[in-house]
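> Next comes protein-v9.txt, compact mmCIF, C-alpha atoms:
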# COMPACT_ATOMS: atom_id res chain seq x y z
CA MET A 1 -74.88 -25.88 23.27
CA LYS A 2 -73.18 -23.68 20.72
CA HIS A 3 -71.45 -21.73 23.50
CA LEU A 4 -70.27 -24.95 25.13
CA LEU A 5 -68.68 -26.09 21.88
CA VAL A 6 -66.94 -22.73 21.50
CA LEU A 7 -65.60 -22.98 25.07
CA VAL A 8 -64.29 -26.52 24.53
CA VAL A 9 -62.51 -25.49 21.33
CA PHE A 10 -61.11 -22.39 23.02
CA PHE A 11 -59.73 -24.35 25.99
CA ASN A 12 -58.20 -27.00 23.76
CA LEU A 13 -56.44 -24.40 21.66
CA SER A 14 -55.27 -22.35 24.61
CA CYS A 15 -53.86 -25.21 26.68
CA LYS A 16 -50.12 -25.33 26.58
CA THR A 17 -48.74 -28.59 25.36
CA GLU A 18 -45.53 -29.76 26.90
CA LYS A 19 -42.88 -29.88 24.23
CA LYS A 20 -40.11 -32.37 24.73
CA GLU A 21 -36.66 -31.14 23.88
CA PRO A 22 -35.04 -33.20 21.14
CA ILE A 23 -32.23 -35.38 22.39
CA ALA A 24 -28.86 -34.95 20.73
CA LEU A 25 -26.87 -38.11 21.26
CA GLU A 26 -23.13 -37.98 21.65
CA VAL A 27 -21.98 -41.03 19.63
CA HIS A 28 -18.34 -42.16 19.64
CA ASP A 29 -16.13 -45.04 18.72
CA PHE A 30 -13.89 -46.29 21.53
CA VAL A 31 -11.28 -43.59 20.91
CA GLY A 32 -13.98 -41.01 21.68
CA ILE A 33 -15.19 -42.87 24.80
CA GLU A 34 -11.75 -43.55 26.25
CA PRO A 35 -11.30 -40.04 27.70
CA TYR A 36 -14.40 -40.65 29.87
CA LEU A 37 -12.55 -43.59 31.41
CA ASN A 38 -9.59 -41.44 32.42
CA LEU A 39 -10.96 -38.09 33.54
CA GLU A 40 -8.90 -36.15 36.04
CA GLY A 41 -10.24 -33.73 38.56
CA THR A 42 -11.54 -33.45 42.07
CA LYS A 43 -14.58 -35.66 41.46
CA THR A 44 -15.07 -39.39 41.56
CA TYR A 45 -16.38 -40.75 38.27
CA VAL A 46 -18.95 -43.52 37.97
CA VAL A 47 -19.06 -44.99 34.46
CA ASN A 48 -21.74 -47.56 33.69
CA PHE A 49 -21.93 -49.58 30.47
CA TRP A 50 -25.55 -50.48 29.73
CA ALA A 51 -28.21 -50.90 27.02
CA THR A 52 -31.97 -50.54 26.83
CA TRP A 53 -32.28 -54.21 25.78
CA CYS A 54 -30.46 -55.40 28.93
CA ALA A 55 -32.99 -56.04 31.72
CA PRO A 56 -30.43 -55.99 34.59
CA CYS A 57 -29.05 -52.71 33.19
CA VAL A 58 -32.47 -51.09 33.10
CA LYS A 59 -33.16 -52.33 36.64
CA GLU A 60 -30.04 -50.69 38.09
CA LEU A 61 -30.18 -47.47 36.06
CA PRO A 62 -32.32 -45.58 38.62
CA HIS A 63 -29.60 -46.25 41.21
CA PHE A 64 -27.10 -44.24 39.17
CA GLU A 65 -29.59 -41.39 38.80
CA THR A 66 -30.19 -41.36 42.57
CA LEU A 67 -26.45 -41.52 43.22
CA GLN A 68 -25.87 -38.54 40.89
CA LYS A 69 -28.63 -36.58 42.64
CA ASN A 70 -27.42 -37.39 46.16
CA TYR A 71 -23.71 -36.78 45.51
CA LYS A 72 -23.83 -34.22 42.69
CA SER A 73 -20.99 -32.09 44.02
CA ASP A 74 -18.67 -35.06 44.58
CA ILE A 75 -19.29 -37.38 41.64
CA GLU A 76 -20.11 -37.47 37.97
CA VAL A 77 -22.12 -40.35 36.52
CA ILE A 78 -21.51 -41.22 32.88
CA LEU A 79 -23.84 -43.74 31.26
CA VAL A 80 -22.25 -45.42 28.23
CA SER A 81 -25.00 -46.89 26.07
CA LEU A 82 -24.22 -49.94 23.96
CA ASP A 83 -27.53 -49.78 22.12
CA PHE A 84 -27.57 -50.69 18.43
CA PRO A 85 -27.22 -47.75 16.02
CA HIS A 86 -30.44 -48.61 14.18
CA GLN A 87 -32.32 -48.27 17.49
CA TYR A 88 -31.12 -44.83 18.63
CA GLU A 89 -34.27 -43.11 17.40
CA SER A 90 -36.77 -45.87 18.14
CA LYS A 91 -35.49 -47.15 21.51
CA LEU A 92 -32.65 -45.15 23.08
CA LYS A 93 -33.92 -41.59 22.73
CA PRO A 94 -37.46 -42.47 23.88
CA PHE A 95 -35.96 -44.39 26.82
CA ILE A 96 -33.87 -41.40 27.89
CA GLN A 97 -36.92 -39.14 27.71
CA LYS A 98 -39.32 -41.55 29.41
CA HIS A 99 -36.95 -42.15 32.31
CA GLN A 100 -35.82 -38.51 32.41
CA LEU A 101 -32.16 -39.43 32.66
CA LYS A 102 -30.18 -36.51 34.03
CA SER A 103 -26.76 -38.18 34.05
CA LYS A 104 -24.54 -37.76 31.03
CA VAL A 105 -25.39 -40.35 28.37
CA VAL A 106 -22.85 -41.15 25.67
CA VAL A 107 -23.14 -43.86 23.05
CA LEU A 108 -20.37 -46.29 22.17
CA ASP A 109 -20.63 -47.36 18.54
CA ASP A 110 -17.56 -49.46 17.87
CA PRO A 111 -18.04 -52.98 16.50
CA ASP A 112 -14.49 -54.08 17.35
CA MET A 113 -15.37 -55.24 20.87
CA ASN A 114 -12.41 -57.61 21.04
CA SER A 115 -10.04 -54.66 20.93
CA TRP A 116 -11.76 -52.22 23.29
CA ILE A 117 -13.29 -54.45 26.00
CA PRO A 118 -9.88 -55.35 27.52
CA LYS A 119 -8.93 -51.66 27.41
CA VAL A 120 -11.84 -50.88 29.72
CA ASN A 121 -10.75 -53.68 32.05
CA PRO A 122 -8.76 -56.87 31.31
CA LYS A 123 -11.16 -58.87 33.51
CA TRP A 124 -14.27 -57.79 31.59
CA ASP A 125 -15.89 -60.71 29.77
CA GLY A 126 -18.05 -58.40 27.64
CA ALA A 127 -21.30 -58.94 29.55
CA ILE A 128 -23.25 -55.92 30.78
CA PRO A 129 -23.96 -54.17 33.02
CA VAL A 130 -20.49 -53.23 34.21
CA THR A 131 -19.45 -50.25 36.26
CA LEU A 132 -16.17 -48.47 36.69
CA ILE A 133 -15.69 -46.14 39.67
CA TYR A 134 -12.49 -44.12 39.80
CA ASN A 135 -10.77 -40.95 40.86
CA THR A 136 -7.16 -39.81 40.78
CA SER A 137 -6.10 -42.25 43.52
CA LYS A 138 -8.32 -45.32 43.14
CA ARG A 139 -10.00 -47.38 40.40
CA LEU A 140 -12.49 -50.24 40.86
CA PHE A 141 -14.35 -52.35 38.29
CA TYR A 142 -17.63 -54.20 38.90
CA ASN A 143 -18.63 -56.90 36.43
CA ARG A 144 -22.15 -57.32 37.85
CA THR A 145 -25.39 -55.58 38.67
CA LEU A 146 -25.22 -53.33 41.73
CA THR A 147 -27.94 -52.32 44.18
CA TYR A 148 -28.13 -48.72 45.33
CA ASP A 149 -26.76 -49.68 48.76
CA GLU A 150 -23.81 -51.47 47.15
CA LEU A 151 -23.12 -48.50 44.87
CA GLU A 152 -23.24 -46.05 47.73
CA SER A 153 -21.09 -48.27 49.96
CA GLU A 154 -18.45 -48.66 47.23
CA LEU A 155 -18.56 -44.95 46.42
CA LYS A 156 -17.94 -44.02 50.07
CA THR A 157 -14.61 -45.86 49.95
CA PHE A 158 -13.44 -43.15 47.53
CA PHE A 159 -14.00 -40.26 49.98
Take the structure from the file and write it as structure tokens.

Amino acid sequence: MKHLLVLVVFFNLSCKTEKKEPIALEVHDFVGIEPYLNLEGTKTYVVNFWATWCAPCVKELPHFETLQKNYKSDIEVILVSLDFPHQYESKLKPFIQKHQLKSKVVVLDDPDMNSWIPKVNPKWDGAIPVTLIYNTSKRLFYNRTLTYDELESELKTFF
């Protein structure tokens, strides 16, 4: 029995525990986010405004991850979180880790929504999720939830 206890302790101490890398959030006001809405290059950019407290946003988020994985050489997905600042540590960071988001996540912390929402798109009513898909020759705005098939179909019009 004594040997069994020693073995159990030994195995518990020798097992490697998976350490999660700390998440460093990139937090900006709208001036800091605006460049992500106007990137130039050879890629097509997919920018999604979302939040962890938005059920439709959370539902469509895996579609953006799949899109990024399937078209990684042609597109760049940028996920703009609108989560509340007091919930970055308790909600947003754990969400990013739990769902293993690989797309770029940036946080928009700018309370003056009335000034920046129309700069994203004049037709945006402020509801989320919304998605902007653009490249150097075309720009489309979607003020609704998208399925993966819809996202892929819309993306293909850019190639």
> In Å, rounded to a single decimal, give me how far CA of Thr147 (chain A) is from CA of Pro62 (chain A).
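We find that CA of Pro62 (chain A) and CA of Thr147 (chain A) lie 9.8 Å from each other.
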> Mind checking which residues fall within 10 Å of Pro56 (chain A), counting all atoms listed in the file, ignoring those fewer than 5 positions away in the same chain, and posting them as a PDB file with C-alpha atoms, in the frame of the given file?

ATOM      1  CA  TRP A  50     -25.550 -50.480  29.730  1.00  0.00           C
ATOM      2  CA  ALA A  51     -28.210 -50.900  27.020  1.00  0.00           C
ATOM      3  CA  LEU A  61     -30.180 -47.470  36.060  1.00  0.00           C
ATOM      4  CA  ILE A 128     -23.250 -55.920  30.780  1.00  0.00           C
ATOM      5  CA  PRO A 129     -23.960 -54.170  33.020  1.00  0.00           C
ATOM      6  CA  ARG A 144     -22.150 -57.320  37.850  1.00  0.00           C
ATOM      7  CA  THR A 145     -25.390 -55.580  38.670  1.00  0.00           C
ATOM      8  CA  LEU A 146     -25.220 -53.330  41.730  1.00  0.00           C
TER       9      LEU A 146
END
> If you take all atoms listed in the file and a cut-off of 8 Å, which residues of region 19-41 of chain A touch region 106-113 of chain A, and what are their nearest atom pairs and distances in Å to one decimal, in chain and number order, as CSV?

residue,atom,partner,partner_atom,distance
A:Leu25,CA,A:Val106,CA,6.7
A:Glu26,CA,A:Val106,CA,5.1
A:Val27,CA,A:Val107,CA,4.6
A:His28,CA,A:Leu108,CA,5.3
A:Asp29,CA,A:Asp110,CA,4.7
A:Phe30,CA,A:Asp110,CA,6.1
A:Ile33,CA,A:Leu108,CA,6.7
> Of the residues A:Leu140, A:Val105, A:Leu82, A:Leu92, which is the one nearest to Ala127 (chain A), using only C-alpha atoms?
A:Leu82
> Just checking: using all atoms listed in the file, which residue out of A:Lys59, A:Lys104, A:Lys98, A:Lys119 ends up closest to Val46 (chain A)?
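Nearest to Val46 (chain A): A:Lys104.
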> At what distance in Å, to one decimal, does CA of Tyr71 (chain A) lie from CA of Asn38 (chain A)?
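Between these atoms lies a distance of 19.8 Å.
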> Identify the residues around (-28.6, -50.8, 21.9) within a radius of 7 Å, measuring from only C-alpha atoms in the coordinates stated by the file, and give them as a VMD selection string.
chain A and resid 51 to 53 81 to 85 87
> So that I can see what lies close to Thr136 (chain A), please list as number ranges by chain the residues with an atom at most 8 Å from it, counting all atoms listed in the file and leaving out residues fewer than 6 positions away in the same chain.
A: 40-42, 44
> Nearest to Cys57 (chain A) among A:Ser103, A:Lys93, A:Pro22, A:Leu79, with distances taken over only C-alpha atoms: which residue is it?
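Using only C-alpha atoms, Cys57 (chain A) sits closest to A:Leu79.
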> Smallest atom-to-atom distance to Ile96 (chain A): which of A:Glu34, A:Glu154, A:Glu21, A:Asp125, using all atoms listed in the file?
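Going through A:Glu34, A:Glu154, A:Glu21, A:Asp125 one by one, the smallest distance to Ile96 (chain A) is for A:Glu21.
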> Between A:Val77, A:Lys43, A:Gln100, A:Ile23, which is the closest to Thr131 (chain A) once you count all atoms listed in the file?
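When distances to Thr131 (chain A) are compared using all atoms listed in the file, the smallest one comes from A:Val77.
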> Please report the interatomic distance between CA of Val130 (chain A) and CA of Pro118 (chain A) in Å with one decimal.
12.7 Å
> Using all atoms listed in the file, collect all residues at a distance of at most 12 Å from (-9.2, -48.2, 42.5) as written in the file, then present them as a PyMOL selection string.
chain A and resi 44-46+121+132-142+154-155+157-159
> In terms of the shortest atom-to-atom distance over only C-alpha atoms, which of A:His63, A:Val58, A:Asn48, A:Ile78 is closest to Phe95 (chain A)?
A:Val58
